[in-house]
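To start, the structure itself, in structure tokens.
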Amino acid sequence: MSFQQIEAFYWVVVLGSFAAAADHLYVTQSTISMRIKELEKHLGVELFDRSSRVAQPTATGLELMQYARKLLGLNTELKQKIMSAKAFTGQIRIGVAEVVSLTWLPTFIEAVSTTFPRVRLEIDQMLTADLVSHLRKGALDLILAPGREPESGLNTASLGSVQFSWMASPKLGLGGAKRTAQEISEQAVIGLARQSYHHGTIEDWFRKGHAYSYYQVRCTSMLVAASMVSSGVGCAYLPINCFSHEIEAGRLELIDTSIEPQVGFIAAMSADEMAPLVFRIADLAVQASNFPNKKLAALSE
């Protein structure tokens, strides 16, 4: 019986399929199947119900899962405490929100490269709902995204908060006086896709203000939205720190409204994650973030 066999069994149970476990461990599905068969042969028991279309563990498999979790937990603890950063190898899949990409992502990547020179990062930028979905399915190891703490089923750490505001071109004359949801809804609103974390915030604000917005445009990129806003197409709810230069240059103007301006961001990984490298890289994300009001406690603590 080997550690790799226990590891393969653990991830098949957690992720629900041999294919997902293979993707997570960067091996082929046939390798996972072979490791499970060898483990079952060594123990003399069946660990999965072969009559089920999904990877359903047997009663014995569920019992083994308790020991597998302990073994992988001890392995994680040992590596976190003892293993040199330069000894870590492999690939980590990280999903990021656009606000992170536009601010401190390069600083974070540089910190990871310096600390773990033999580790390769795979970075994907997605909308928040997609980031969380991919994380829960095991397609991502870590996400840096808007969110609340704690998030059910996830280990999270604060990355701080970002101040958002409605913005428009000064040409529209919306600056100065405080604007209501009804007044904003009467403008050509550049909305964000439904998978965006901020879509719900905007919709709730309009609803509470007894207003409804017929979006002129919906898009998945804040850069694209800001470009349309600065050209005078309409207004959009955008992060102030990402477009400070445009505001200072007079291409964008902040609109005073009652909408909640602070949006919290988190680093998140699966609560079942046992990879010590992911914990340590999450710590580097917390350190690299330049968002204010972040809590210094990180995932590995």
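Ordered as shown in the structure tokens, chains take letters A, B, and onward, while each chain numbers its residues from 1 and ligands are numbered from 1 in the order shown.
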Within 12 Å of range 111-115 of chain A: each range 235-291 of chain A residue with its shortest pair, only C-alpha atoms, as a Markdown table:
```
| residue | atom | partner | partner_atom | distance |
| --- | --- | --- | --- | --- |
| A:Leu277 | CA | A:Val112 | CA | 10.5 |
| A:Val278 | CA | A:Val112 | CA | 11.0 |
| A:Arg280 | CA | A:Val112 | CA | 9.3 |
| A:Ile281 | CA | A:Val112 | CA | 6.7 |
| A:Ala282 | CA | A:Val112 | CA | 9.8 |
| A:Asp283 | CA | A:Val112 | CA | 10.1 |
| A:Leu284 | CA | A:Ala111 | CA | 6.9 |
| A:Ala285 | CA | A:Ala111 | CA | 8.6 |
| A:Val286 | CA | A:Ala111 | CA | 11.2 |
| A:Gln287 | CA | A:Ala111 | CA | 9.2 |
| A:Ala288 | CA | A:Ala111 | CA | 7.6 |
| A:Ser289 | CA | A:Ala111 | CA | 11.2 |
```
Item checked: Within 7 Å of range 251-258 of chain A using only C-alpha atoms, minus same-chain residues under 2 positions, as number ranges by chain -> A: 165-170, 174-175, 177-180, 230, 246-247, 249, 260
Please produce an output containing all heavy atoms for each residue in the selection, written as a compact mmCIF listing (two decimals), in the first residue's frame.
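After the write, again19.txt holds the following:
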```
# COMPACT_ATOMS: atom_id res chain seq x y z
N SER A 165 -17.79 52.46 -7.08
CA SER A 165 -18.67 53.63 -7.22
C SER A 165 -19.29 53.62 -8.61
O SER A 165 -18.72 53.08 -9.56
CB SER A 165 -17.86 54.93 -7.04
OG SER A 165 -18.67 56.06 -7.33
N TRP A 166 -20.48 54.19 -8.70
CA TRP A 166 -21.02 54.46 -10.02
C TRP A 166 -20.15 55.53 -10.67
O TRP A 166 -19.72 56.49 -10.01
CB TRP A 166 -22.46 54.95 -9.93
CG TRP A 166 -23.45 53.86 -9.69
CD1 TRP A 166 -24.04 53.54 -8.51
CD2 TRP A 166 -23.96 52.93 -10.65
NE1 TRP A 166 -24.88 52.46 -8.66
CE2 TRP A 166 -24.86 52.06 -9.97
CE3 TRP A 166 -23.75 52.75 -12.02
CZ2 TRP A 166 -25.54 51.03 -10.62
CZ3 TRP A 166 -24.43 51.72 -12.67
CH2 TRP A 166 -25.30 50.88 -11.97
N MET A 167 -19.86 55.36 -11.94
CA MET A 167 -19.03 56.32 -12.68
C MET A 167 -19.68 56.65 -14.02
O MET A 167 -20.42 55.85 -14.58
CB MET A 167 -17.63 55.75 -12.95
CG MET A 167 -16.83 55.41 -11.72
SD MET A 167 -15.15 54.88 -12.15
CE MET A 167 -14.65 54.10 -10.60
N ALA A 168 -19.38 57.85 -14.50
CA ALA A 168 -19.87 58.29 -15.81
C ALA A 168 -18.89 59.29 -16.39
O ALA A 168 -17.98 59.77 -15.70
CB ALA A 168 -21.25 58.93 -15.69
N SER A 169 -19.05 59.59 -17.65
CA SER A 169 -18.26 60.66 -18.26
C SER A 169 -18.77 62.00 -17.72
O SER A 169 -19.98 62.17 -17.53
CB SER A 169 -18.42 60.62 -19.78
OG SER A 169 -17.93 61.83 -20.35
N PRO A 170 -17.87 62.96 -17.47
CA PRO A 170 -18.33 64.30 -17.03
C PRO A 170 -19.31 64.93 -18.01
O PRO A 170 -20.09 65.81 -17.63
CB PRO A 170 -17.02 65.09 -16.97
CG PRO A 170 -15.96 64.06 -16.72
CD PRO A 170 -16.41 62.86 -17.50
N LEU A 174 -23.54 64.09 -14.23
CA LEU A 174 -24.15 63.37 -13.10
C LEU A 174 -23.40 63.58 -11.79
O LEU A 174 -23.82 63.10 -10.74
CB LEU A 174 -24.22 61.87 -13.40
CG LEU A 174 -25.14 61.47 -14.56
CD1 LEU A 174 -24.99 59.98 -14.86
CD2 LEU A 174 -26.59 61.81 -14.23
N GLY A 175 -22.27 64.27 -11.83
CA GLY A 175 -21.49 64.52 -10.62
C GLY A 175 -22.12 65.59 -9.76
O GLY A 175 -23.08 66.26 -10.14
N ALA A 177 -24.41 66.46 -7.10
CA ALA A 177 -25.54 66.06 -6.26
C ALA A 177 -25.62 64.53 -6.11
O ALA A 177 -25.21 63.78 -6.98
CB ALA A 177 -26.85 66.59 -6.85
N LYS A 178 -26.16 64.10 -4.96
CA LYS A 178 -26.34 62.67 -4.73
C LYS A 178 -27.48 62.17 -5.61
O LYS A 178 -28.55 62.77 -5.67
CB LYS A 178 -26.66 62.42 -3.26
CG LYS A 178 -26.58 60.95 -2.86
CD LYS A 178 -26.55 60.81 -1.35
CE LYS A 178 -26.26 59.39 -0.94
NZ LYS A 178 -26.07 59.24 0.52
N ARG A 179 -27.21 61.04 -6.28
CA ARG A 179 -28.19 60.49 -7.23
C ARG A 179 -28.89 59.28 -6.65
O ARG A 179 -28.30 58.45 -5.97
CB ARG A 179 -27.49 60.10 -8.54
CG ARG A 179 -26.74 61.25 -9.20
CD ARG A 179 -27.70 62.34 -9.66
NE ARG A 179 -26.97 63.46 -10.25
CZ ARG A 179 -27.57 64.51 -10.81
NH1 ARG A 179 -28.90 64.58 -10.85
NH2 ARG A 179 -26.84 65.50 -11.30
N THR A 180 -30.17 59.15 -6.94
CA THR A 180 -30.96 58.02 -6.44
C THR A 180 -30.87 56.86 -7.44
O THR A 180 -30.43 57.02 -8.59
CB THR A 180 -32.43 58.41 -6.28
OG1 THR A 180 -32.98 58.73 -7.57
CG2 THR A 180 -32.56 59.61 -5.35
N SER A 230 -16.27 56.08 -20.34
CA SER A 230 -15.45 57.28 -20.58
C SER A 230 -15.78 57.94 -21.91
O SER A 230 -15.57 59.14 -22.09
CB SER A 230 -13.97 56.93 -20.53
OG SER A 230 -13.62 56.04 -21.57
N GLU A 246 -7.88 57.53 -14.87
CA GLU A 246 -8.95 58.07 -15.71
C GLU A 246 -9.76 59.12 -14.94
O GLU A 246 -10.22 60.12 -15.52
CB GLU A 246 -9.88 56.94 -16.19
CG GLU A 246 -9.29 56.05 -17.27
CD GLU A 246 -8.30 55.03 -16.73
OE1 GLU A 246 -8.11 55.00 -15.50
OE2 GLU A 246 -7.73 54.28 -17.54
N ILE A 247 -9.94 58.88 -13.63
CA ILE A 247 -10.68 59.85 -12.80
C ILE A 247 -9.88 61.14 -12.67
O ILE A 247 -10.41 62.25 -12.82
CB ILE A 247 -10.97 59.24 -11.41
CG1 ILE A 247 -11.92 58.04 -11.56
CG2 ILE A 247 -11.59 60.28 -10.49
CD1 ILE A 247 -12.06 57.21 -10.30
N ALA A 249 -7.63 62.25 -14.68
CA ALA A 249 -7.52 62.91 -15.98
C ALA A 249 -8.84 63.52 -16.44
O ALA A 249 -8.88 64.20 -17.48
CB ALA A 249 -7.02 61.91 -17.02
N GLU A 260 -23.72 50.48 -1.38
CA GLU A 260 -22.62 50.07 -0.51
C GLU A 260 -21.32 50.07 -1.30
O GLU A 260 -21.18 49.34 -2.28
CB GLU A 260 -22.88 48.65 0.04
CG GLU A 260 -21.73 48.05 0.82
CD GLU A 260 -21.31 48.91 2.01
OE1 GLU A 260 -22.19 49.33 2.77
OE2 GLU A 260 -20.09 49.14 2.14
```
Note to self: Quick one: residues within 12 Å of Arg207 in chain A, only C-alpha atoms, excluding same-chain residues fewer than 3 positions away - as a list in words?
What the structure shows: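 Once the adjacent positions are removed, what remains is Thr180, Ala181, Gln182, Ser185, Gly200, Thr201, Ile202, Glu203, Asp204, His210, Ala211, Tyr212, Ser213 and Ile259 of chain A.
Counting only C-alpha atoms and comparing A:Ser30, A:Val100, A:Val14, A:Gln56, the residue that lies closest to Ala271 in chain A is A:Val14.
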Item checked: Expected answer as an MDAnalysis selection string: alpha helix (DSSP H) residues in range 61-163 of chain A -> chainID A and resid 61:82 98:101 105:115 128:136
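The space separating CA of Val54 in chain A from CA of Ser133 in chain A comes to 19.1 Å.
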